[in-house]
file data25.cif (mmCIF, C-alpha atoms)
data_model
loop_
_atom_site.label_atom_id
_atom_site.label_comp_id
_atom_site.auth_asym_id
_atom_site.auth_seq_id
_atom_site.Cartn_x
_atom_site.Cartn_y
_atom_site.Cartn_z
CA MET A 286 40.27 -2.82 8.81
CA ALA A 287 38.17 -4.59 11.42
CA TYR A 288 34.62 -3.27 11.73
CA ASP A 289 32.13 -3.63 14.56
CA PHE A 290 29.60 -5.03 12.08
CA ASP A 291 29.55 -6.43 8.58
CA LEU A 292 26.18 -4.75 7.99
CA PHE A 293 24.50 -1.92 9.87
CA VAL A 294 20.84 -1.46 8.90
CA ILE A 295 19.09 1.83 9.61
CA GLY A 296 15.36 1.16 9.94
CA ALA A 297 13.54 -1.89 11.30
CA GLY A 298 10.73 -1.90 8.76
CA SER A 299 9.90 -4.77 6.44
CA GLY A 300 12.90 -4.38 4.13
CA GLY A 301 15.44 -3.63 6.83
CA VAL A 302 14.40 -6.53 9.05
CA ARG A 303 14.40 -8.95 6.11
CA ALA A 304 17.88 -7.86 5.02
CA ALA A 305 19.20 -8.08 8.59
CA ARG A 306 17.75 -11.52 9.29
CA PHE A 307 18.98 -13.03 6.04
CA ALA A 308 22.42 -11.49 6.40
CA ALA A 309 22.71 -12.83 9.95
CA GLY A 310 21.59 -16.21 8.64
CA PHE A 311 24.54 -16.06 6.25
CA ASP A 312 26.86 -15.64 9.27
CA ALA A 313 27.31 -11.88 8.89
CA LYS A 314 27.58 -9.73 12.00
CA VAL A 315 24.55 -7.44 11.79
CA ALA A 316 23.01 -4.54 13.71
CA VAL A 317 19.70 -2.77 13.20
CA ALA A 318 18.89 0.71 14.53
CA GLU A 319 15.29 1.85 14.97
CA SER A 320 14.00 5.03 16.59
CA ARG A 321 10.23 4.50 16.36
CA TYR A 322 8.61 1.12 16.12
CA LEU A 323 9.61 -2.35 15.00
CA GLY A 324 7.95 -3.41 11.77
CA GLY A 325 7.97 0.02 10.18
CA THR A 326 5.06 1.69 8.43
CA CYS A 327 3.38 -1.52 7.29
CA VAL A 328 2.99 -3.07 10.72
CA ASN A 329 2.30 0.08 12.72
CA VAL A 330 0.61 2.74 10.57
CA GLY A 331 0.15 1.05 7.22
CA CYS A 332 -1.10 -2.10 5.59
CA VAL A 333 -1.69 -4.23 8.70
CA PRO A 334 -3.79 -1.86 10.85
CA LYS A 335 -5.46 -0.53 7.71
CA LYS A 336 -6.57 -4.04 6.72
CA LEU A 337 -7.94 -4.58 10.24
CA LEU A 338 -9.99 -1.38 9.90
CA VAL A 339 -11.15 -2.51 6.45
CA TYR A 340 -12.39 -5.76 8.00
CA GLY A 341 -14.26 -3.71 10.59
CA ALA A 342 -15.87 -1.51 7.97
CA HIS A 343 -16.86 -4.54 5.89
CA VAL A 344 -18.99 -5.92 8.73
CA ALA A 345 -21.63 -3.36 7.77
CA ASP A 346 -21.96 -5.09 4.38
CA GLU A 347 -22.35 -8.49 6.01
CA LEU A 348 -25.08 -7.18 8.30
CA GLU A 349 -26.90 -5.64 5.33
CA GLN A 350 -26.76 -8.91 3.40
CA ALA A 351 -27.85 -11.05 6.34
CA ALA A 352 -31.56 -10.34 5.92
CA GLY A 353 -31.57 -11.98 2.50
CA TYR A 354 -30.39 -15.18 4.15
CA GLY A 355 -33.09 -15.21 6.79
CA TRP A 356 -31.24 -13.54 9.63
CA THR A 357 -33.11 -11.02 11.71
CA LEU A 358 -30.68 -8.85 13.62
CA GLU A 359 -31.18 -6.14 16.17
CA GLU A 360 -29.86 -2.77 15.11
CA GLY A 361 -26.11 -2.93 15.45
CA HIS A 362 -23.93 -0.45 17.29
CA PHE A 363 -20.33 0.23 16.34
CA ASP A 364 -17.77 1.30 18.94
CA TRP A 365 -14.65 2.91 17.49
CA GLY A 366 -12.77 2.70 20.79
CA THR A 367 -13.10 -1.08 20.92
CA LEU A 368 -11.82 -1.50 17.37
CA ILE A 369 -8.81 0.77 17.96
CA ALA A 370 -7.96 -0.87 21.30
CA ASN A 371 -8.07 -4.33 19.73
CA LYS A 372 -6.01 -3.09 16.80
CA ASN A 373 -3.41 -1.63 19.16
CA ARG A 374 -3.14 -4.91 21.03
CA GLU A 375 -2.51 -6.79 17.79
CA ILE A 376 0.13 -4.29 16.66
CA GLU A 377 1.91 -4.63 20.00
CA ARG A 378 1.92 -8.40 19.52
CA LEU A 379 3.47 -7.98 16.07
CA ASN A 380 6.08 -5.58 17.46
CA GLY A 381 7.12 -8.34 19.84
CA ILE A 382 7.30 -10.87 17.02
CA TYR A 383 9.58 -8.57 15.01
CA ARG A 384 11.82 -8.10 18.05
CA ASN A 385 12.08 -11.87 18.53
CA LEU A 386 12.77 -12.42 14.83
CA LEU A 387 15.74 -10.08 15.00
CA VAL A 388 17.16 -11.17 18.33
CA ASN A 389 16.72 -14.88 17.63
CA SER A 390 18.51 -14.41 14.31
CA GLY A 391 21.54 -13.07 16.14
CA VAL A 392 20.99 -9.46 15.09
CA THR A 393 22.03 -6.69 17.49
CA LEU A 394 19.07 -4.34 17.99
CA VAL A 395 20.05 -0.73 18.70
CA GLN A 396 17.17 1.51 19.79
CA GLY A 397 17.50 5.18 18.93
CA HIS A 398 17.93 7.55 15.99
CA ALA A 399 20.82 6.58 13.76
CA ARG A 400 22.89 9.17 11.93
CA ILE A 401 25.58 8.37 9.41
CA THR A 402 28.80 10.15 10.40
CA GLY A 403 31.07 8.73 7.71
CA PRO A 404 31.18 6.17 4.90
CA ASN A 405 31.57 3.34 7.40
CA GLU A 406 30.32 4.87 10.65
CA VAL A 407 26.92 5.33 12.31
CA GLU A 408 26.12 7.17 15.53
CA VAL A 409 23.14 6.24 17.72
CA GLU A 410 22.43 8.21 20.90
CA GLY A 411 26.09 9.26 21.20
CA GLN A 412 27.47 5.77 20.60
CA ARG A 413 29.44 5.20 17.39
CA TYR A 414 29.53 1.95 15.43
CA SER A 415 31.66 1.02 12.44
CA ALA A 416 30.37 -1.18 9.62
CA GLU A 417 31.69 -2.46 6.31
CA HIS A 418 28.26 -1.90 4.76
CA ILE A 419 25.47 0.49 5.80
CA LEU A 420 21.93 -0.12 4.57
CA ILE A 421 19.40 2.74 4.53
CA ALA A 422 15.88 1.35 4.96
CA THR A 423 14.12 4.24 6.69
CA GLY A 424 10.92 4.17 4.64
CA GLY A 425 8.57 7.02 3.81
CA TRP A 426 6.51 9.62 5.61
CA PRO A 427 3.15 11.19 4.66
CA GLN A 428 3.18 14.82 3.60
CA VAL A 429 0.52 17.53 3.54
CA PRO A 430 0.67 20.39 1.01
CA ASP A 431 1.90 23.68 2.39
CA ILE A 432 -1.42 25.53 2.71
CA PRO A 433 -2.77 27.77 5.48
CA GLY A 434 -4.18 25.55 8.22
CA LYS A 435 -2.26 22.41 7.19
CA GLU A 436 -1.57 21.69 10.88
CA LEU A 437 -5.32 21.10 11.37
CA ALA A 438 -5.31 18.14 8.99
CA ILE A 439 -4.29 14.56 9.79
CA THR A 440 -2.55 11.83 7.80
CA SER A 441 -2.57 8.05 7.98
CA ASN A 442 -0.13 8.28 10.90
CA GLU A 443 -2.75 9.93 13.11
CA ALA A 444 -5.85 8.25 11.69
CA PHE A 445 -5.09 4.96 13.42
CA TYR A 446 -5.10 6.66 16.82
CA LEU A 447 -8.13 8.96 16.63
CA LYS A 448 -9.91 8.98 19.97
CA ASP A 449 -13.34 9.02 18.36
CA LEU A 450 -14.77 8.28 14.93
CA PRO A 451 -15.47 11.67 13.30
CA ARG A 452 -19.05 12.26 12.17
CA ARG A 453 -17.96 14.01 8.98
CA VAL A 454 -14.71 13.27 7.19
CA LEU A 455 -13.10 14.94 4.21
CA VAL A 456 -10.50 12.70 2.55
CA VAL A 457 -8.09 14.50 0.21
CA GLY A 458 -6.18 12.56 -2.43
CA GLY A 459 -6.60 10.26 -5.40
CA GLY A 460 -4.23 7.39 -4.65
CA TYR A 461 -4.97 4.03 -3.11
CA ILE A 462 -4.52 5.26 0.49
CA ALA A 463 -7.15 7.96 0.00
CA VAL A 464 -9.59 5.53 -1.60
CA GLU A 465 -9.06 2.92 1.11
CA PHE A 466 -9.54 5.33 4.01
CA ALA A 467 -12.61 6.88 2.40
CA GLY A 468 -14.12 3.39 2.37
CA ILE A 469 -13.09 2.75 5.97
CA PHE A 470 -14.58 5.97 7.32
CA GLN A 471 -17.77 5.59 5.33
CA GLY A 472 -18.15 1.89 6.14
CA LEU A 473 -17.85 2.61 9.86
CA GLY A 474 -20.59 5.24 9.71
CA ALA A 475 -18.96 8.61 9.00
CA ALA A 476 -20.38 10.91 6.34
CA THR A 477 -17.44 10.89 3.96
CA THR A 478 -16.35 13.03 1.01
CA LEU A 479 -13.41 12.14 -1.21
CA LEU A 480 -11.81 15.20 -2.79
CA TYR A 481 -9.32 14.86 -5.65
CA ARG A 482 -7.75 17.51 -7.82
CA GLY A 483 -7.71 15.29 -10.94
CA ASP A 484 -10.43 14.03 -13.27
CA LEU A 485 -10.54 10.51 -11.79
CA PHE A 486 -8.73 8.75 -8.93
CA LEU A 487 -6.19 5.90 -9.06
CA ARG A 488 -4.06 7.27 -11.88
CA GLY A 489 -1.96 4.48 -13.38
CA PHE A 490 -4.57 1.77 -12.79
CA ASP A 491 -6.55 0.27 -15.67
CA GLY A 492 -9.20 2.65 -17.02
CA SER A 493 -11.99 0.10 -16.68
CA VAL A 494 -11.02 -0.50 -13.05
CA ARG A 495 -11.03 3.22 -12.24
CA THR A 496 -14.39 3.85 -13.87
CA HIS A 497 -16.00 0.74 -12.37
CA LEU A 498 -14.85 1.57 -8.84
CA LYS A 499 -16.14 5.12 -9.21
CA GLU A 500 -19.58 3.79 -10.13
CA GLU A 501 -19.63 1.32 -7.24
CA LEU A 502 -18.52 3.89 -4.67
CA GLU A 503 -21.23 6.26 -5.85
CA LYS A 504 -23.79 3.46 -5.41
CA ARG A 505 -22.65 3.20 -1.81
CA GLY A 506 -23.27 6.90 -1.26
CA LEU A 507 -19.68 8.07 -1.07
CA ASP A 508 -19.48 11.75 -2.06
CA LEU A 509 -16.87 11.94 -4.83
CA GLN A 510 -15.65 15.38 -5.85
CA PHE A 511 -13.12 15.50 -8.66
CA ASN A 512 -11.26 18.50 -10.08
CA ALA A 513 -11.39 20.00 -6.60
CA ASP A 514 -8.63 21.06 -4.24
CA ILE A 515 -8.34 22.82 -0.86
CA GLN A 516 -6.90 26.32 -0.66
CA ARG A 517 -6.99 26.73 3.13
CA ILE A 518 -8.33 25.13 6.32
CA ASP A 519 -9.81 27.06 9.25
CA LYS A 520 -11.06 25.94 12.64
CA LEU A 521 -14.57 27.09 13.55
CA GLU A 522 -15.81 28.05 17.00
CA ASP A 523 -17.59 24.73 17.50
CA GLY A 524 -14.34 22.85 16.82
CA SER A 525 -15.23 21.72 13.32
CA LEU A 526 -13.05 22.46 10.31
CA LYS A 527 -13.87 24.57 7.29
CA ALA A 528 -12.12 23.75 4.02
CA THR A 529 -12.15 26.56 1.48
CA LEU A 530 -11.69 25.14 -2.00
CA LYS A 531 -9.82 26.82 -4.85
CA ASP A 532 -13.14 27.26 -6.67
CA GLY A 533 -14.49 29.25 -3.72
CA ARG A 534 -16.75 26.57 -2.25
CA GLU A 535 -16.63 25.78 1.46
CA LEU A 536 -16.93 22.33 3.03
CA VAL A 537 -17.27 21.70 6.77
CA ALA A 538 -16.05 18.50 8.42
CA ASP A 539 -14.92 17.19 11.79
CA CYS A 540 -11.78 15.66 10.31
CA ILE A 541 -9.73 16.44 7.20
CA PHE A 542 -7.54 13.52 6.20
CA TYR A 543 -4.73 14.04 3.68
CA ALA A 544 -3.37 11.21 1.55
CA THR A 545 -1.55 13.23 -1.09
CA GLY A 546 1.76 11.45 -1.25
CA ARG A 547 4.70 10.32 0.83
CA ARG A 548 8.30 11.48 0.94
CA PRO A 549 11.45 9.50 1.73
CA MET A 550 12.24 9.67 5.44
CA LEU A 551 15.80 11.03 5.42
CA ASP A 552 15.54 13.59 8.24
CA ASN A 553 18.80 14.10 10.15
CA LEU A 554 20.25 10.96 8.59
CA GLY A 555 23.65 12.54 8.01
CA LEU A 556 23.77 12.04 4.25
CA GLU A 557 25.84 15.22 4.00
CA ASN A 558 28.65 13.20 5.57
CA THR A 559 28.61 10.72 2.71
CA GLY A 560 28.74 10.67 -1.07
CA VAL A 561 25.10 9.55 -1.27
CA GLU A 562 23.17 11.43 -3.95
CA LEU A 563 19.42 11.99 -4.26
CA ASP A 564 17.44 12.01 -7.51
CA ASP A 565 15.31 14.93 -8.69
CA LYS A 566 12.36 13.70 -6.60
CA GLY A 567 14.37 13.47 -3.39
CA TYR A 568 14.78 9.69 -3.32
CA VAL A 569 18.12 7.98 -2.69
CA ARG A 570 19.79 7.25 -6.02
CA VAL A 571 20.80 3.59 -6.37
CA ASP A 572 21.91 1.25 -9.14
CA ASP A 573 20.38 -2.12 -10.01
CA GLN A 574 22.07 -3.69 -6.97
CA TYR A 575 20.80 -1.01 -4.54
CA GLN A 576 24.25 0.54 -4.30
CA THR A 577 24.20 4.28 -3.67
CA THR A 578 26.78 6.68 -5.05
CA ALA A 579 28.77 5.98 -1.87
CA PRO A 580 30.42 2.54 -2.30
CA SER A 581 29.82 1.34 1.27
CA ILE A 582 26.18 2.48 1.53
CA LEU A 583 23.08 0.79 0.10
CA ALA A 584 19.39 1.66 0.17
CA ILE A 585 16.13 -0.23 -0.34
CA GLY A 586 12.39 0.20 0.06
CA ASP A 587 10.40 3.41 0.00
CA VAL A 588 13.51 5.62 0.24
CA ILE A 589 14.53 4.66 -3.31
CA GLY A 590 11.07 5.38 -4.73
CA ARG A 591 10.70 2.40 -7.06
CA VAL A 592 7.70 0.20 -6.21
CA GLN A 593 6.57 1.24 -2.75
CA LEU A 594 5.03 -2.00 -1.55
CA THR A 595 5.96 -4.14 1.46
CA PRO A 596 6.59 -7.38 -0.50
CA VAL A 597 8.89 -5.46 -2.85
CA ALA A 598 10.91 -4.10 0.08
CA LEU A 599 11.15 -7.67 1.40
CA ALA A 600 12.46 -8.90 -1.94
CA GLU A 601 14.96 -6.05 -2.12
CA GLY A 602 16.16 -6.82 1.40
CA MET A 603 16.74 -10.46 0.51
CA ALA A 604 18.55 -9.47 -2.67
CA VAL A 605 20.95 -7.21 -0.76
CA ALA A 606 21.71 -9.85 1.88
CA ARG A 607 22.34 -12.51 -0.72
CA ARG A 608 24.54 -10.34 -2.93
CA LEU A 609 26.73 -9.26 -0.01
CA PHE A 610 26.98 -12.47 1.97
CA LYS A 611 25.73 -15.37 -0.17
CA PRO A 612 26.41 -14.35 -3.78
CA GLU A 613 25.84 -17.84 -5.15
CA GLN A 614 22.17 -17.46 -4.15
CA TYR A 615 21.77 -13.92 -5.49
CA ARG A 616 19.11 -13.15 -8.06
CA PRO A 617 17.85 -9.70 -8.99
CA VAL A 618 14.36 -8.53 -8.06
CA ASP A 619 11.92 -8.78 -10.98
CA TYR A 620 9.72 -5.70 -11.00
CA GLN A 621 7.50 -7.03 -13.79
CA ASN A 622 4.06 -8.49 -13.09
CA ILE A 623 3.91 -7.55 -9.41
CA PRO A 624 0.42 -8.42 -8.09
CA THR A 625 -1.15 -5.74 -5.94
CA ALA A 626 -4.44 -4.98 -4.25
CA VAL A 627 -6.32 -1.89 -3.19
CA PHE A 628 -8.51 -2.59 -0.17
CA SER A 629 -11.25 -0.26 -1.24
CA GLN A 630 -14.87 -1.33 -0.89
CA PRO A 631 -15.21 -3.20 -3.19
CA PRO A 632 -11.52 -4.11 -3.41
CA ILE A 633 -9.24 -4.11 -6.45
CA GLY A 634 -6.79 -6.80 -7.51
CA THR A 635 -4.42 -6.26 -10.42
CA VAL A 636 -1.34 -7.80 -12.01
CA GLY A 637 0.47 -7.06 -15.25
CA LEU A 638 -0.18 -4.39 -17.82
CA THR A 639 -3.24 -2.19 -17.99
CA GLU A 640 -5.01 -1.90 -21.32
CA GLU A 641 -3.58 1.58 -21.72
CA GLN A 642 -0.02 0.46 -20.93
CA ALA A 643 -0.22 -2.46 -23.37
CA ILE A 644 -1.34 -0.20 -26.20
CA GLU A 645 1.29 2.39 -25.31
CA GLN A 646 3.97 -0.31 -25.45
CA GLY A 647 2.91 -1.22 -28.97
CA TYR A 648 0.93 -4.38 -28.35
CA GLU A 649 -2.06 -5.26 -30.49
CA VAL A 650 -4.47 -6.22 -27.73
CA LYS A 651 -7.60 -8.22 -27.27
CA VAL A 652 -9.64 -7.28 -24.24
CA PHE A 653 -11.97 -9.62 -22.37
CA GLU A 654 -14.28 -8.01 -19.82
CA SER A 655 -17.07 -9.32 -17.65
CA ARG A 656 -19.36 -7.48 -15.24
CA PHE A 657 -21.74 -9.48 -13.09
CA ARG A 658 -23.61 -9.49 -9.82
CA ALA A 659 -21.93 -11.84 -7.38
CA MET A 660 -23.86 -14.97 -6.41
CA LYS A 661 -23.78 -13.96 -2.75
CA LEU A 662 -25.88 -10.89 -3.55
CA THR A 663 -28.63 -12.66 -5.50
CA LEU A 664 -30.77 -13.14 -2.37
CA THR A 665 -30.37 -9.47 -1.42
CA ASP A 666 -31.37 -6.14 -2.90
CA ILE A 667 -27.75 -5.05 -3.28
CA GLN A 668 -26.86 -4.23 -6.89
CA GLU A 669 -23.07 -4.16 -6.64
CA LYS A 670 -21.28 -5.49 -9.73
CA THR A 671 -17.95 -7.29 -9.97
CA LEU A 672 -15.55 -6.48 -12.81
CA MET A 673 -13.05 -8.92 -14.29
CA LYS A 674 -10.75 -8.10 -17.18
CA LEU A 675 -8.01 -9.76 -19.18
CA VAL A 676 -5.65 -7.91 -21.51
CA VAL A 677 -4.19 -10.28 -24.12
CA ASP A 678 -1.50 -9.92 -26.77
CA ALA A 679 -3.39 -10.62 -30.02
CA LYS A 680 -0.25 -11.90 -31.77
CA THR A 681 1.13 -14.32 -29.17
CA ASP A 682 -2.04 -15.00 -27.13
CA LYS A 683 -0.02 -14.22 -23.98
CA VAL A 684 -2.03 -12.74 -21.12
CA LEU A 685 -0.51 -9.33 -20.39
CA GLY A 686 -2.74 -8.20 -17.54
CA CYS A 687 -5.47 -9.35 -15.15
CA HIS A 688 -7.69 -6.88 -13.32
CA MET A 689 -10.58 -7.28 -10.90
CA VAL A 690 -12.89 -5.14 -8.80
CA GLY A 691 -15.01 -7.14 -6.39
CA PRO A 692 -15.01 -9.27 -3.23
CA ASP A 693 -11.77 -11.19 -2.56
CA ALA A 694 -10.01 -9.51 -5.49
CA GLY A 695 -6.67 -9.51 -3.67
CA GLU A 696 -6.93 -13.20 -2.83
CA ILE A 697 -7.84 -14.16 -6.39
CA ILE A 698 -5.23 -12.03 -8.13
CA GLN A 699 -2.38 -13.63 -6.16
CA GLY A 700 -2.86 -16.93 -7.98
CA LEU A 701 -3.14 -15.21 -11.33
CA GLY A 702 0.15 -13.48 -10.59
CA ILE A 703 1.83 -16.89 -10.77
CA ALA A 704 0.18 -17.57 -14.13
CA LEU A 705 1.44 -14.29 -15.59
CA LYS A 706 4.90 -14.88 -14.13
CA ALA A 707 4.93 -18.22 -15.95
CA GLY A 708 3.88 -16.57 -19.23
CA ALA A 709 0.42 -18.13 -19.47
CA THR A 710 -1.60 -17.70 -22.66
CA LYS A 711 -5.30 -17.04 -23.02
CA GLN A 712 -5.70 -20.57 -24.39
CA GLN A 713 -4.20 -21.95 -21.17
CA PHE A 714 -6.64 -19.85 -19.17
CA ASP A 715 -9.47 -21.22 -21.32
CA GLU A 716 -8.31 -24.82 -20.88
CA THR A 717 -8.15 -24.48 -17.09
CA ILE A 718 -11.23 -25.95 -15.42
CA GLY A 719 -12.91 -23.49 -13.10
CA VAL A 720 -13.94 -23.96 -9.49
CA HIS A 721 -17.73 -23.80 -9.47
CA PRO A 722 -19.60 -21.87 -8.23
CA THR A 723 -17.08 -19.09 -7.57
CA ALA A 724 -16.41 -15.63 -8.91
CA ALA A 725 -12.82 -16.67 -9.69
CA GLU A 726 -13.94 -19.12 -12.38
CA GLU A 727 -14.96 -16.15 -14.53
CA PHE A 728 -11.28 -15.62 -15.32
CA VAL A 729 -11.18 -19.00 -17.12
CA THR A 730 -14.60 -18.81 -18.79
CA MET A 731 -14.38 -15.46 -20.60
CA ARG A 732 -14.51 -16.44 -24.27
CA THR A 733 -15.82 -13.39 -26.13
CA VAL A 734 -13.54 -10.50 -27.05
CA THR A 735 -15.03 -7.27 -25.70
CA ARG A 736 -12.91 -5.11 -27.98
#
call {"tool": "encode", "arguments": {"input": "data25.cif", "output": "structure tokens"}}
result
Amino acid sequence: MAYDFDLFVIGAGSGGVRAARFAAGFDAKVAVAESRYLGGTCVNVGCVPKKLLVYGAHVADELEQAAGYGWTLEEGHFDWGTLIANKNREIERLNGIYRNLLVNSGVTLVQGHARITGPNEVEVEGQRYSAEHILIATGGWPQVPDIPGKELAITSNEAFYLKDLPRRVLVVGGGYIAVEFAGIFQGLGAATTLLYRGDLFLRGFDGSVRTHLKEELEKRGLDLQFNADIQRIDKLEDGSLKATLKDGRELVADCIFYATGRRPMLDNLGLENTGVELDDKGYVRVDDQYQTTAPSILAIGDVIGRVQLTPVALAEGMAVARRLFKPEQYRPVDYQNIPTAVFSQPPIGTVGLTEEQAIEQGYEVKVFESRFRAMKLTLTDIQEKTLMKLVVDAKTDKVLGCHMVGPDAGEIIQGLGIALKAGATKQQFDETIGVHPTAAEEFVTMRTVTR
């Protein structure tokens, strides 16, 4: 049977665009349907605009440190509107780049909501298209718990478009998005409280990292409230919001921001017309080659619920394109030792196993830890400490994990990700000459076992 397209991609986010471009580069006939914005969550309401806001919040630190270096500055004034307008302009530029990437690759861009009407058929705005393969890459969507007043809260989707910076913000959640936005709001001048129902945020990260970040955020004056959760939200006469907690306490804020998880975006996708199955958490069930339970339909990225990171979706998109249209170049995605960063303030960089994971997996571990005040702060009164940590297999000397909390953590951990991918040992770390004077050299000068 002749199809309109070899591959029809639903969703023009990072994974979908990468799969489409590579497939087209392998001479496949490809279409991409998108109903919202080109670039997906990452470009529009995720990592890119968030990082721009993190940069803006970090300026406050630079101004505070300037006096120690002889700079006398007039009292600064921050304008939220200017930051958001400049951010919007940059996102629009990136939208255009994504459009050009697709079109110049020979991909047909179909704008509108796509709905699967059969194993090899997609409908967009009343127009039907046939395809040998359909790829679901529709990403995720933030969700707010079903409590009274939930409509009064915002999520990351709305936070990037707030008209004004709220004076008082209540951030709810314990994942990296909650921690990052708490730092953004506080760094830009809002009185910020981070509320989390668990004992300590960032579950799944290394215990030393979690504890160290908690201490540093408290030094910065961030109000951390653990083992606390909201029961209902009410709007007061003056327009502010009252959060009633499950323990009976009441907190008043101008903005309540929820970062309590994301769900796969499968709304009105037409999966009932296919043999696609979902797992018990609502994600699309796929095998190791991203094949769903319907032979002609694949899925990648946040909708499959594996590692929900942009570079992972990119890798999955490339893997799908290669397997379908250039099998001699196919290689599976390696989910081990994926470097990642949390753009908190201070930021986190991590790759490999946590100490807890290594022990749980049966390793006999040696731990190397270092806490120090960064050189840049020595001429200031700021007492922030940087944490660096290596988790090492005591039997083989192989480095199992690298963890950092401190300035440029994300930049530094990227290089260490290559070392772990190559199977580097602690001896090889020790024999590597450091770049002096830098914080990064601490990773190759830690000699004493902490425990």
call {"tool": "atom_distance", "arguments": {"input": "data25.cif", "atom1": "atom CA of A:Val588", "atom2": "atom CA of A:Ile541"}}
result
26.6 Å
call {"tool": "closest_atom_pairs", "arguments": {"input": "data25.cif", "of": "stretch 580-603 of chain A", "to": "stretch 563-568 of chain A", "cutoff": "10 Å", "atoms": "only C-alpha atoms", "output": "JSON lines"}}
result
{"residue": "A:Ala584", "atom": "CA", "partner": "A:Tyr568", "partner_atom": "CA", "distance": 9.9}
{"residue": "A:Asp587", "atom": "CA", "partner": "A:Tyr568", "partner_atom": "CA", "distance": 8.3}
{"residue": "A:Val588", "atom": "CA", "partner": "A:Tyr568", "partner_atom": "CA", "distance": 5.6}
{"residue": "A:Ile589", "atom": "CA", "partner": "A:Tyr568", "partner_atom": "CA", "distance": 5.0}
{"residue": "A:Gly590", "atom": "CA", "partner": "A:Tyr568", "partner_atom": "CA", "distance": 5.9}
{"residue": "A:Arg591", "atom": "CA", "partner": "A:Tyr568", "partner_atom": "CA", "distance": 9.2}
call {"tool": "closest_residue", "arguments": {"input": "data25.cif", "among": "A:Ala305, A:Ile432, A:Ala579, A:Ala475", "to": "A:Thr529", "atoms": "only C-alpha atoms"}}
result
A:Ile432
call {"tool": "residues_near_point", "arguments": {"input": "data25.cif", "point": "(-1.5, -2.2, -24.0)", "cutoff": "10 Å", "atoms": "all atoms listed in the file", "output": "list of chain:residue names"}}
result
A:Leu638, A:Thr639, A:Glu640, A:Glu641, A:Gln642, A:Ala643, A:Ile644, A:Glu645, A:Gln646, A:Gly647, A:Tyr648, A:Glu649, A:Val650, A:Lys651, A:Val652, A:Val676, A:Val677, A:Asp678, A:Leu685, A:Gly686
call {"tool": "write_last_selection", "arguments": {"input": "data25.cif", "atoms": "C-alpha atoms", "output": "PDB file, keeping the file's coordinate frame"}}
result
ATOM      1  CA  LEU A 638      -0.180  -4.390 -17.820  1.00  0.00           C
ATOM      2  CA  THR A 639      -3.240  -2.190 -17.990  1.00  0.00           C
ATOM      3  CA  GLU A 640      -5.010  -1.900 -21.320  1.00  0.00           C
ATOM      4  CA  GLU A 641      -3.580   1.580 -21.720  1.00  0.00           C
ATOM      5  CA  GLN A 642      -0.020   0.460 -20.930  1.00  0.00           C
ATOM      6  CA  ALA A 643      -0.220  -2.460 -23.370  1.00  0.00           C
ATOM      7  CA  ILE A 644      -1.340  -0.200 -26.200  1.00  0.00           C
ATOM      8  CA  GLU A 645       1.290   2.390 -25.310  1.00  0.00           C
ATOM      9  CA  GLN A 646       3.970  -0.310 -25.450  1.00  0.00           C
ATOM     10  CA  GLY A 647       2.910  -1.220 -28.970  1.00  0.00           C
ATOM     11  CA  TYR A 648       0.930  -4.380 -28.350  1.00  0.00           C
ATOM     12  CA  GLU A 649      -2.060  -5.260 -30.490  1.00  0.00           C
ATOM     13  CA  VAL A 650      -4.470  -6.220 -27.730  1.00  0.00           C
ATOM     14  CA  LYS A 651      -7.600  -8.220 -27.270  1.00  0.00           C
ATOM     15  CA  VAL A 652      -9.640  -7.280 -24.240  1.00  0.00           C
ATOM     16  CA  VAL A 676      -5.650  -7.910 -21.510  1.00  0.00           C
ATOM     17  CA  VAL A 677      -4.190 -10.280 -24.120  1.00  0.00           C
ATOM     18  CA  ASP A 678      -1.500  -9.920 -26.770  1.00  0.00           C
ATOM     19  CA  LEU A 685      -0.510  -9.330 -20.390  1.00  0.00           C
ATOM     20  CA  GLY A 686      -2.740  -8.200 -17.540  1.00  0.00           C
TER      21      GLY A 686
END
call {"tool": "closest_residue", "arguments": {"input": "data25.cif", "among": "A:Ile439, A:Leu473, A:Ala600, A:Leu502", "to": "A:Phe486", "atoms": "all atoms listed in the file"}}
result
A:Leu502
call {"tool": "residues_around", "arguments": {"input": "data25.cif", "residues": "stretch 362-379 of chain A", "least_positions_apart": "6", "cutoff": "8 Å", "atoms": "all atoms listed in the file", "output": "VMD selection string"}}
result
chain A and resid 324 328 to 329 334 337 to 338 341 445 to 446 448 to 450 473
call {"tool": "atom_distance", "arguments": {"input": "data25.cif", "atom1": "atom CA of A:Gly586", "atom2": "atom CA of A:Tyr383"}}
result
17.6 Å
call {"tool": "residues_around", "arguments": {"input": "data25.cif", "residues": "A:Asn622", "least_positions_apart": "5", "cutoff": "7 Å", "atoms": "all atoms listed in the file", "output": "PyMOL selection string"}}
result
chain A and resi 636-637+702+705-706
call {"tool": "write_last_selection", "arguments": {"input": "data25.cif", "atoms": "C-alpha atoms", "output": "PDB file, keeping the file's coordinate frame"}}
result
ATOM      1  CA  VAL A 636      -1.340  -7.800 -12.010  1.00  0.00           C
ATOM      2  CA  GLY A 637       0.470  -7.060 -15.250  1.00  0.00           C
ATOM      3  CA  GLY A 702       0.150 -13.480 -10.590  1.00  0.00           C
ATOM      4  CA  LEU A 705       1.440 -14.290 -15.590  1.00  0.00           C
ATOM      5  CA  LYS A 706       4.900 -14.880 -14.130  1.00  0.00           C
TER       6      LYS A 706
END
call {"tool": "closest_residue", "arguments": {"input": "data25.cif", "among": "A:Arg413, A:Arg452, A:Arg607, A:Arg400", "to": "A:Arg303", "atoms": "all atoms listed in the file"}}
result
A:Arg607
